$ cat start03.json   # JSON, C-alpha atoms
[["chain", "number", "residue", "atom", "x", "y", "z"],
["A", 924, "MET", "CA", -17.27, -10.74, -28.04],
["A", 925, "ALA", "CA", -19.02, -9.62, -24.86],
["A", 926, "ASN", "CA", -20.73, -6.26, -24.90],
["A", 927, "ASN", "CA", -19.67, -3.54, -22.46],
["A", 928, "GLY", "CA", -22.41, -4.37, -19.98],
["A", 929, "GLU", "CA", -21.43, -8.03, -19.84],
["A", 930, "GLN", "CA", -17.75, -7.12, -19.56],
["A", 931, "ASN", "CA", -18.42, -4.74, -16.67],
["A", 932, "GLN", "CA", -20.45, -7.39, -14.88],
["A", 933, "THR", "CA", -17.64, -9.91, -15.35],
["A", 934, "GLU", "CA", -15.02, -7.50, -13.99],
["A", 935, "ALA", "CA", -17.20, -6.52, -11.04],
["A", 936, "GLY", "CA", -17.88, -10.17, -10.26],
["A", 937, "ARG", "CA", -14.21, -11.06, -10.44],
["A", 938, "HIS", "CA", -13.42, -8.13, -8.17],
["A", 939, "GLN", "CA", -15.80, -9.47, -5.56],
["A", 940, "GLU", "CA", -14.48, -12.99, -5.94],
["A", 941, "VAL", "CA", -10.89, -12.10, -5.09],
["A", 942, "GLY", "CA", -11.98, -10.00, -2.12],
["A", 943, "HIS", "CA", -13.71, -6.66, -2.45],
["A", 944, "LYS", "CA", -11.19, -4.14, -1.14],
["A", 945, "SER", "CA", -13.48, -1.16, -1.55],
["A", 946, "LEU", "CA", -15.42, -0.12, 1.52],
["A", 947, "LEU", "CA", -18.16, 1.48, -0.55],
["A", 948, "GLN", "CA", -21.52, -0.18, 0.00],
["A", 949, "SER", "CA", -22.35, -0.01, -3.69],
["A", 950, "ASP", "CA", -20.36, -2.14, -6.13],
["A", 951, "ALA", "CA", -21.77, -0.05, -8.96],
["A", 952, "LEU", "CA", -20.46, 3.15, -7.38],
["A", 953, "TYR", "CA", -16.99, 1.67, -6.97],
["A", 954, "GLN", "CA", -17.06, 0.48, -10.58],
["A", 955, "TYR", "CA", -18.05, 4.01, -11.61],
["A", 956, "ILE", "CA", -14.98, 5.42, -9.83],
["A", 957, "LEU", "CA", -12.71, 2.92, -11.57],
["A", 958, "GLU", "CA", -14.13, 3.44, -15.03],
["A", 959, "THR", "CA", -14.52, 7.23, -14.80],
["A", 960, "SER", "CA", -11.44, 8.30, -12.85],
["A", 961, "VAL", "CA", -8.93, 5.46, -12.54],
["A", 962, "TYR", "CA", -8.80, 3.28, -15.65],
["A", 963, "PRO", "CA", -8.84, 6.11, -18.26],
["A", 964, "ARG", "CA", -5.79, 7.65, -16.54],
["A", 965, "GLU", "CA", -4.00, 4.47, -15.54],
["A", 966, "HIS", "CA", -0.47, 4.16, -16.89],
["A", 967, "GLU", "CA", -0.15, 1.28, -19.35],
["A", 968, "ALA", "CA", 2.43, -0.41, -17.12],
["A", 969, "MET", "CA", 0.12, -0.12, -14.12],
["A", 970, "LYS", "CA", -2.66, -1.75, -16.09],
["A", 971, "GLU", "CA", -0.38, -4.56, -17.25],
["A", 972, "LEU", "CA", 0.86, -5.25, -13.73],
["A", 973, "ARG", "CA", -2.67, -5.10, -12.31],
["A", 974, "GLU", "CA", -3.82, -7.71, -14.84],
["A", 975, "ILE", "CA", -0.83, -9.96, -14.12],
["A", 976, "THR", "CA", -1.44, -9.71, -10.38],
["A", 977, "ALA", "CA", -5.15, -10.53, -10.79],
["A", 978, "LYS", "CA", -4.11, -14.04, -11.89],
["A", 979, "HIS", "CA", -2.01, -14.64, -8.77],
["A", 980, "PRO", "CA", -3.61, -16.83, -6.07],
["A", 981, "TRP", "CA", -2.96, -14.16, -3.42],
["A", 982, "ASN", "CA", -4.22, -11.26, -5.50],
["A", 983, "ILE", "CA", -6.23, -9.94, -2.55],
["A", 984, "MET", "CA", -2.89, -8.64, -1.21],
["A", 985, "THR", "CA", -2.47, -6.14, -4.02],
["A", 986, "THR", "CA", -3.09, -2.42, -3.70],
["A", 987, "SER", "CA", -6.38, -1.47, -5.31],
["A", 988, "ALA", "CA", -6.30, 0.57, -8.52],
["A", 989, "ASP", "CA", -7.94, 3.62, -6.94],
["A", 990, "GLU", "CA", -5.43, 3.55, -4.08],
["A", 991, "GLY", "CA", -2.57, 3.28, -6.55],
["A", 992, "GLN", "CA", -3.86, 6.41, -8.29],
["A", 993, "PHE", "CA", -4.18, 8.19, -4.93],
["A", 994, "LEU", "CA", -0.61, 7.34, -3.91],
["A", 995, "ASN", "CA", 0.74, 8.50, -7.25],
["A", 996, "MET", "CA", -1.02, 11.85, -6.84],
["A", 997, "LEU", "CA", 0.03, 12.24, -3.20],
["A", 998, "LEU", "CA", 3.70, 11.67, -3.99],
["A", 999, "LYS", "CA", 3.57, 14.34, -6.66],
["A", 1000, "LEU", "CA", 1.79, 16.80, -4.36],
["A", 1001, "ILE", "CA", 4.48, 16.49, -1.68],
["A", 1002, "ASN", "CA", 7.34, 16.38, -4.21],
["A", 1003, "ALA", "CA", 8.63, 13.12, -2.73],
["A", 1004, "LYS", "CA", 12.05, 11.97, -3.84],
["A", 1005, "ASN", "CA", 13.53, 9.67, -1.18],
["A", 1006, "THR", "CA", 10.94, 7.03, -0.30],
["A", 1007, "MET", "CA", 10.47, 3.65, 1.34],
["A", 1008, "GLU", "CA", 7.98, 0.82, 0.94],
["A", 1009, "ILE", "CA", 7.49, -2.02, 3.42],
["A", 1010, "GLY", "CA", 5.52, -4.84, 1.81],
["A", 1011, "VAL", "CA", 5.86, -4.98, -1.96],
["A", 1012, "TYR", "CA", 4.02, -8.10, -3.19],
["A", 1013, "THR", "CA", 4.09, -7.87, -7.03],
["A", 1014, "GLY", "CA", 4.88, -4.16, -6.96],
["A", 1015, "TYR", "CA", 1.69, -2.33, -7.99],
["A", 1016, "SER", "CA", 2.02, 0.41, -5.35],
["A", 1017, "LEU", "CA", 5.80, 0.33, -5.87],
["A", 1018, "LEU", "CA", 5.30, 1.07, -9.56],
["A", 1019, "ALA", "CA", 2.87, 3.87, -8.70],
["A", 1020, "THR", "CA", 5.60, 5.39, -6.53],
["A", 1021, "ALA", "CA", 8.38, 4.88, -9.08],
["A", 1022, "LEU", "CA", 6.33, 6.60, -11.78],
["A", 1023, "ALA", "CA", 5.58, 9.55, -9.50],
["A", 1024, "ILE", "CA", 9.02, 10.41, -8.13],
["A", 1025, "PRO", "CA", 11.67, 12.20, -10.22],
["A", 1026, "GLU", "CA", 14.25, 10.42, -12.37],
["A", 1027, "ASP", "CA", 16.85, 10.53, -9.58],
["A", 1028, "GLY", "CA", 14.34, 9.51, -6.90],
["A", 1029, "LYS", "CA", 14.88, 6.41, -4.77],
["A", 1030, "ILE", "CA", 12.71, 3.73, -3.18],
["A", 1031, "LEU", "CA", 14.01, 1.39, -0.50],
["A", 1032, "ALA", "CA", 11.62, -1.55, -0.95],
["A", 1033, "MET", "CA", 11.38, -4.50, 1.44],
["A", 1034, "ASP", "CA", 9.47, -7.77, 1.28],
["A", 1035, "VAL", "CA", 9.97, -11.28, 2.60],
["A", 1036, "ASN", "CA", 9.04, -12.79, -0.78],
["A", 1037, "LYS", "CA", 11.29, -11.88, -3.70],
["A", 1038, "GLU", "CA", 9.47, -14.29, -6.01],
["A", 1039, "ASN", "CA", 6.31, -12.15, -5.94],
["A", 1040, "TYR", "CA", 8.34, -9.01, -6.61],
["A", 1041, "GLU", "CA", 10.04, -10.67, -9.58],
["A", 1042, "LEU", "CA", 6.62, -11.42, -11.06],
["A", 1043, "GLY", "CA", 6.09, -7.70, -11.56],
["A", 1044, "LEU", "CA", 9.72, -6.73, -12.18],
["A", 1045, "PRO", "CA", 9.63, -7.18, -15.99],
["A", 1046, "VAL", "CA", 6.78, -4.66, -16.17],
["A", 1047, "ILE", "CA", 8.65, -2.25, -13.89],
["A", 1048, "LYS", "CA", 11.73, -2.58, -16.09],
["A", 1049, "LYS", "CA", 9.69, -2.03, -19.24],
["A", 1050, "ALA", "CA", 8.36, 1.18, -17.68],
["A", 1051, "GLY", "CA", 11.98, 2.32, -17.28],
["A", 1052, "VAL", "CA", 11.84, 2.95, -13.52],
["A", 1053, "ASP", "CA", 13.61, -0.10, -12.05],
["A", 1054, "HIS", "CA", 16.78, 1.95, -11.44],
["A", 1055, "LYS", "CA", 14.91, 3.88, -8.75],
["A", 1056, "ILE", "CA", 14.30, 0.74, -6.67],
["A", 1057, "ASP", "CA", 16.59, -0.81, -4.07],
["A", 1058, "PHE", "CA", 14.85, -4.09, -3.23],
["A", 1059, "ARG", "CA", 15.77, -5.98, -0.05],
["A", 1060, "GLU", "CA", 14.43, -9.48, 0.55],
["A", 1061, "GLY", "CA", 13.68, -10.37, 4.16],
["A", 1062, "PRO", "CA", 12.08, -8.89, 7.29],
["A", 1063, "ALA", "CA", 12.02, -5.11, 7.44],
["A", 1064, "LEU", "CA", 12.70, -4.61, 11.15],
["A", 1065, "PRO", "CA", 16.43, -5.50, 11.03],
["A", 1066, "VAL", "CA", 16.90, -3.14, 8.07],
["A", 1067, "LEU", "CA", 15.06, -0.36, 9.90],
["A", 1068, "ASP", "CA", 17.12, -0.90, 13.05],
["A", 1069, "GLU", "CA", 20.31, -0.47, 11.04],
["A", 1070, "LEU", "CA", 18.98, 2.70, 9.45],
["A", 1071, "VAL", "CA", 17.97, 4.17, 12.81],
["A", 1072, "LYS", "CA", 21.44, 3.50, 14.25],
["A", 1073, "ASP", "CA", 22.95, 5.97, 11.78],
["A", 1074, "GLU", "CA", 21.77, 9.48, 12.61],
["A", 1075, "LYS", "CA", 22.32, 10.66, 9.04],
["A", 1076, "ASN", "CA", 19.24, 8.62, 8.12],
["A", 1077, "HIS", "CA", 17.05, 10.41, 10.64],
["A", 1078, "GLY", "CA", 14.54, 12.63, 8.87],
["A", 1079, "SER", "CA", 15.86, 11.59, 5.46],
["A", 1080, "TYR", "CA", 12.68, 10.08, 3.96],
["A", 1081, "ASP", "CA", 9.97, 12.13, 2.28],
["A", 1082, "PHE", "CA", 7.41, 9.34, 2.08],
["A", 1083, "ILE", "CA", 7.03, 5.84, 3.51],
["A", 1084, "PHE", "CA", 4.27, 3.36, 2.62],
["A", 1085, "VAL", "CA", 3.52, 0.35, 4.83],
["A", 1086, "ASP", "CA", 1.44, -2.58, 3.56],
["A", 1087, "ALA", "CA", 2.89, -5.58, 5.34],
["A", 1088, "ASP", "CA", 2.41, -7.72, 8.47],
["A", 1089, "LYS", "CA", -0.19, -5.91, 10.57],
["A", 1090, "ASP", "CA", 1.14, -7.36, 13.84],
["A", 1091, "ASN", "CA", 4.32, -5.33, 13.31],
["A", 1092, "TYR", "CA", 2.77, -2.02, 12.30],
["A", 1093, "LEU", "CA", 3.42, -0.43, 15.71],
["A", 1094, "ASN", "CA", 6.99, -1.76, 15.68],
["A", 1095, "TYR", "CA", 7.45, -0.18, 12.27],
["A", 1096, "HIS", "CA", 5.97, 3.12, 13.44],
["A", 1097, "LYS", "CA", 8.42, 3.39, 16.35],
["A", 1098, "ARG", "CA", 11.28, 3.30, 13.86],
["A", 1099, "LEU", "CA", 9.75, 5.08, 10.88],
["A", 1100, "ILE", "CA", 8.89, 8.19, 12.87],
["A", 1101, "GLU", "CA", 12.64, 8.68, 13.28],
["A", 1102, "LEU", "CA", 13.36, 8.17, 9.59],
["A", 1103, "VAL", "CA", 10.66, 10.32, 7.98],
["A", 1104, "LYS", "CA", 11.38, 14.03, 7.82],
["A", 1105, "VAL", "CA", 9.33, 16.68, 9.60],
["A", 1106, "GLY", "CA", 6.65, 17.48, 7.05],
["A", 1107, "GLY", "CA", 7.07, 14.05, 5.49],
["A", 1108, "VAL", "CA", 4.36, 11.41, 5.21],
["A", 1109, "ILE", "CA", 3.87, 7.82, 6.35],
["A", 1110, "GLY", "CA", 0.96, 5.88, 4.85],
["A", 1111, "TYR", "CA", -0.40, 2.81, 6.65],
["A", 1112, "ASP", "CA", -2.57, 0.55, 4.51],
["A", 1113, "ASN", "CA", -5.51, -1.63, 5.62],
["A", 1114, "THR", "CA", -6.40, 0.49, 8.66],
["A", 1115, "LEU", "CA", -10.11, -0.23, 8.24],
["A", 1116, "TRP", "CA", -9.36, -3.93, 7.73],
["A", 1117, "ASN", "CA", -12.30, -5.15, 5.69],
["A", 1118, "GLY", "CA", -14.59, -3.02, 7.86],
["A", 1119, "SER", "CA", -13.91, -5.40, 10.76],
["A", 1120, "VAL", "CA", -12.78, -2.54, 13.02],
["A", 1121, "VAL", "CA", -16.46, -1.86, 13.78],
["A", 1122, "ALA", "CA", -17.66, -5.48, 13.69],
["A", 1123, "PRO", "CA", -19.17, -6.92, 16.91],
["A", 1124, "PRO", "CA", -17.06, -9.48, 18.81],
["A", 1125, "ASP", "CA", -19.19, -12.40, 17.61],
["A", 1126, "ALA", "CA", -19.24, -11.34, 13.94],
["A", 1127, "PRO", "CA", -18.46, -14.16, 11.46],
["A", 1128, "LEU", "CA", -15.05, -13.06, 10.17],
["A", 1129, "ARG", "CA", -12.45, -14.86, 8.11],
["A", 1130, "LYS", "CA", -9.74, -16.32, 10.31],
["A", 1131, "TYR", "CA", -6.97, -13.99, 9.10],
["A", 1132, "VAL", "CA", -9.26, -10.96, 9.38],
["A", 1133, "ARG", "CA", -10.11, -11.80, 12.99],
["A", 1134, "TYR", "CA", -6.47, -12.52, 13.87],
["A", 1135, "TYR", "CA", -5.09, -9.19, 12.65],
["A", 1136, "ARG", "CA", -8.05, -7.01, 13.65],
["A", 1137, "ASP", "CA", -6.78, -6.36, 17.18],
["A", 1138, "PHE", "CA", -3.39, -5.27, 15.84],
["A", 1139, "VAL", "CA", -5.08, -2.84, 13.45],
["A", 1140, "LEU", "CA", -7.27, -1.47, 16.25],
["A", 1141, "GLU", "CA", -4.19, -1.02, 18.44],
["A", 1142, "LEU", "CA", -2.39, 0.85, 15.68],
["A", 1143, "ASN", "CA", -5.36, 3.14, 15.02],
["A", 1144, "LYS", "CA", -5.59, 4.06, 18.71],
["A", 1145, "ALA", "CA", -1.86, 4.74, 18.91],
["A", 1146, "LEU", "CA", -1.78, 6.92, 15.79],
["A", 1147, "ALA", "CA", -4.77, 8.94, 17.00],
["A", 1148, "VAL", "CA", -2.92, 10.11, 20.12],
["A", 1149, "ASP", "CA", 0.65, 10.36, 18.79],
["A", 1150, "PRO", "CA", 1.63, 14.04, 19.27],
["A", 1151, "ARG", "CA", 4.41, 13.78, 16.66],
["A", 1152, "ILE", "CA", 1.98, 13.40, 13.77],
["A", 1153, "GLU", "CA", -1.28, 14.69, 12.35],
["A", 1154, "ILE", "CA", -3.44, 12.11, 10.63],
["A", 1155, "THR", "CA", -6.30, 11.54, 8.24],
["A", 1156, "MET", "CA", -7.98, 8.17, 7.73],
["A", 1157, "LEU", "CA", -9.40, 7.64, 4.26],
["A", 1158, "PRO", "CA", -11.87, 4.95, 3.08],
["A", 1159, "VAL", "CA", -9.78, 4.30, -0.04],
["A", 1160, "GLY", "CA", -9.08, 0.66, -0.82],
["A", 1161, "ASP", "CA", -9.13, -1.14, 2.52],
["A", 1162, "GLY", "CA", -8.59, 2.08, 4.44],
["A", 1163, "ILE", "CA", -5.37, 4.08, 4.49],
["A", 1164, "THR", "CA", -4.16, 6.35, 7.26],
["A", 1165, "ILE", "CA", -1.94, 9.23, 6.17],
["A", 1166, "CYS", "CA", 0.40, 10.50, 8.89],
["A", 1167, "ARG", "CA", 2.27, 13.77, 8.50],
["A", 1168, "ARG", "CA", 5.17, 14.20, 10.91],
["A", 1169, "ILE", "CA", 4.98, 17.56, 12.64],
["A", 1170, "LYS", "CA", 7.79, 17.19, 15.18]]
$ encode --input "start03.json" --output "structure tokens"
Amino acid sequence: MANNGEQNQTEAGRHQEVGHKSLLQSDALYQYILETSVYPREHEAMKELREITAKHPWNIMTTSADEGQFLNMLLKLINAKNTMEIGVYTGYSLLATALAIPEDGKILAMDVNKENYELGLPVIKKAGVDHKIDFREGPALPVLDELVKDEKNHGSYDFIFVDADKDNYLNYHKRLIELVKVGGVIGYDNTLWNGSVVAPPDAPLRKYVRYYRDFVLELNKALAVDPRIEITMLPVGDGITICRRIK
């Protein structure tokens, strides 16, 4: 059996291998945060789903454990009940939300890949929170357009989390700002995009990072000047921008 030091090195190495989502310069400092604050408090179902997702070939798409903890706390602080998630993957952030909202809370969850969602669904069911989730397979924009058409949906959501196709983030925002209530929160994930938002034009970036960077930069500029919201950008995970609707 490996000792604790060897185990920590293995976990840290694996974390780097699948794509280091933390923006901290020190791997050791990030590992300290996980082992001191996140893992000791992590719900057993969250841990199980995190470990299942780590074996998936696209595990870089998952929400980081520290971000999952942050979302869970945020939802409790704002007493969120009616929520939405665009981009589900295997459901780690979805589970964080489902565990945070009350028993009669609801999550409208959308993703183009139901197969990934079903990978995490047994864990979500075991946690006893699957009844809170209304999963829709397919693109989110048509669903959002239908919601916006009905004025009773305007201002009806307490919290919305977006972790999906970056080239549609601004299209999502145009619709979500109508659906979230005044005082409600929208969270946009990946707004620091592997740190590429400050990379020089000739920086050697992965193809997908370079492709989506301009869309992320465009979103960040738009959110910064949107008078309907107040924002804070946090270096948690791959960067998350929290938007609170004020009018």
$ closest_residue --input "start03.json" --among "A:Asn1143, A:Asp1081, A:Asp1161, A:Lys1170" --to "A:Lys999" --atoms "all atoms listed in the file"
A:Asp1081
$ atom_distance --input "start03.json" --atom1 "atom CA of A:Leu1017" --atom2 "atom CA of A:Leu1064"
19.0 Å
$ residues_around --input "start03.json" --residues "A:Asn1005" --least-positions-apart "4" --cutoff "6 Å" --atoms "all atoms listed in the file" --output "PyMOL selection string"
chain A and resi 1028-1029+1080-1081
$ closest_residue --input "start03.json" --among "A:Ala1050, A:Ala1087, A:Val1159, A:Leu1102" --to "A:Glu1074" --atoms "all atoms listed in the file"
A:Leu1102
$ closest_residue --input "start03.json" --among "A:Ala1021, A:Ala951, A:Tyr1012, A:Asp1086" --to "A:Gly1051" --atoms "all atoms listed in the file"
A:Ala1021
$ residues_near_point --input "start03.json" --point "(-0.5, 6.3, 4.6)" --cutoff "8 Å" --atoms "all atoms listed in the file" --output "ChimeraX atom specification"
/A:1083-1085,1108-1112,1163-1166
$ closest_residue --input "start03.json" --among "A:Ala988, A:Val1052, A:Met1007, A:Ile1169" --to "A:Leu1099" --atoms "all atoms listed in the file"
A:Met1007
$ residues_around --input "start03.json" --residues "A:Asp1090" --least-positions-apart "5" --cutoff "8 Å" --atoms "only C-alpha atoms" --output "CSV table (one decimal) with C-alpha atoms, in the coordinates of the input"
chain,number,residue,atom,x,y,z
A,1135,TYR,CA,-5.1,-9.2,12.6
A,1138,PHE,CA,-3.4,-5.3,15.8
A,1139,VAL,CA,-5.1,-2.8,13.4
$ closest_residue --input "start03.json" --among "A:Asn1091, A:Pro1025, A:Gly1078, A:Ile1009" --to "A:Glu1060" --atoms "only C-alpha atoms"
A:Ile1009
$ closest_residue --input "start03.json" --among "A:Leu998, A:Ala977, A:Met1156, A:Val1120" --to "A:Leu1022" --atoms "only C-alpha atoms"
A:Leu998
$ residues_around --input "start03.json" --residues "A:Lys1037" --least-positions-apart "5" --cutoff "10 Å" --atoms "all atoms listed in the file" --output "VMD selection string"
chain A and resid 1011 to 1013 1042 1058 to 1061
$ atom_distance --input "start03.json" --atom1 "atom CA of A:Lys1097" --atom2 "atom CA of A:Val1132"
23.8 Å
$ atom_distance --input "start03.json" --atom1 "atom CA of A:Ala968" --atom2 "atom CA of A:Lys1089"
28.4 Å
$ axis_aligned_box --input "start03.json" --around "stretch 1025-1043 of chain A" --padding-each-side "6 Å" --output "lines of an AutoDock Vina configuration file"
center_x = 11.5
center_y = -1.0
center_z = -4.9
size_x = 22.8
size_y = 38.5
size_z = 27.0
$ decode --input "start03.json" --residues "stretch 990-1007 of chain A" --atoms "N, CA, C and O atoms" --output "short mmCIF file (atom, residue, chain, number, x, y, z; two decimals), in the first residue's frame"
data_model
loop_
_atom_site.label_atom_id
_atom_site.label_comp_id
_atom_site.auth_asym_id
_atom_site.auth_seq_id
_atom_site.Cartn_x
_atom_site.Cartn_y
_atom_site.Cartn_z
N GLU A 990 -14.65 24.01 -6.86
CA GLU A 990 -15.75 24.80 -7.43
C GLU A 990 -17.09 24.19 -7.05
O GLU A 990 -18.06 24.92 -6.78
N GLY A 991 -17.16 22.86 -7.02
CA GLY A 991 -18.39 22.20 -6.58
C GLY A 991 -18.74 22.60 -5.16
O GLY A 991 -19.91 22.88 -4.84
N GLN A 992 -17.74 22.66 -4.29
CA GLN A 992 -17.96 23.08 -2.91
C GLN A 992 -18.43 24.53 -2.85
O GLN A 992 -19.34 24.88 -2.09
N PHE A 993 -17.82 25.38 -3.68
CA PHE A 993 -18.21 26.80 -3.72
C PHE A 993 -19.66 26.96 -4.16
O PHE A 993 -20.43 27.72 -3.55
N LEU A 994 -20.05 26.25 -5.22
CA LEU A 994 -21.43 26.36 -5.71
C LEU A 994 -22.42 25.90 -4.66
O LEU A 994 -23.48 26.52 -4.47
N ASN A 995 -22.10 24.80 -3.98
CA ASN A 995 -22.98 24.29 -2.94
C ASN A 995 -23.19 25.32 -1.84
O ASN A 995 -24.32 25.56 -1.40
N MET A 996 -22.11 25.98 -1.44
CA MET A 996 -22.21 27.02 -0.41
C MET A 996 -22.99 28.23 -0.91
O MET A 996 -23.86 28.77 -0.20
N LEU A 997 -22.71 28.65 -2.14
CA LEU A 997 -23.39 29.82 -2.71
C LEU A 997 -24.89 29.62 -2.77
O LEU A 997 -25.68 30.52 -2.41
N LEU A 998 -25.32 28.46 -3.22
CA LEU A 998 -26.75 28.17 -3.32
C LEU A 998 -27.44 28.23 -1.97
O LEU A 998 -28.58 28.70 -1.85
N LYS A 999 -26.75 27.77 -0.95
CA LYS A 999 -27.31 27.82 0.40
C LYS A 999 -27.37 29.26 0.91
O LYS A 999 -28.34 29.67 1.57
N LEU A 1000 -26.36 30.05 0.59
CA LEU A 1000 -26.32 31.44 1.05
C LEU A 1000 -27.45 32.27 0.45
O LEU A 1000 -27.98 33.17 1.12
N ILE A 1001 -27.81 31.99 -0.79
CA ILE A 1001 -28.87 32.77 -1.44
C ILE A 1001 -30.23 32.09 -1.35
O ILE A 1001 -31.21 32.58 -1.91
N ASN A 1002 -30.28 30.97 -0.63
CA ASN A 1002 -31.54 30.23 -0.44
C ASN A 1002 -32.20 29.89 -1.78
O ASN A 1002 -33.41 30.06 -1.95
N ALA A 1003 -31.40 29.41 -2.72
CA ALA A 1003 -31.92 29.08 -4.05
C ALA A 1003 -32.87 27.89 -3.98
O ALA A 1003 -32.64 26.94 -3.24
N LYS A 1004 -33.89 27.96 -4.79
CA LYS A 1004 -34.87 26.87 -4.83
C LYS A 1004 -35.17 26.46 -6.28
O LYS A 1004 -35.17 25.28 -6.61
N ASN A 1005 -35.43 27.44 -7.13
CA ASN A 1005 -35.72 27.16 -8.55
C ASN A 1005 -34.47 27.50 -9.36
O ASN A 1005 -34.09 28.67 -9.45
N THR A 1006 -33.82 26.49 -9.92
CA THR A 1006 -32.52 26.69 -10.55
C THR A 1006 -32.47 26.08 -11.95
O THR A 1006 -33.35 25.34 -12.36
N MET A 1007 -31.38 26.41 -12.65
CA MET A 1007 -31.17 25.91 -14.00
C MET A 1007 -29.69 25.64 -14.20
O MET A 1007 -28.84 26.36 -13.66
#
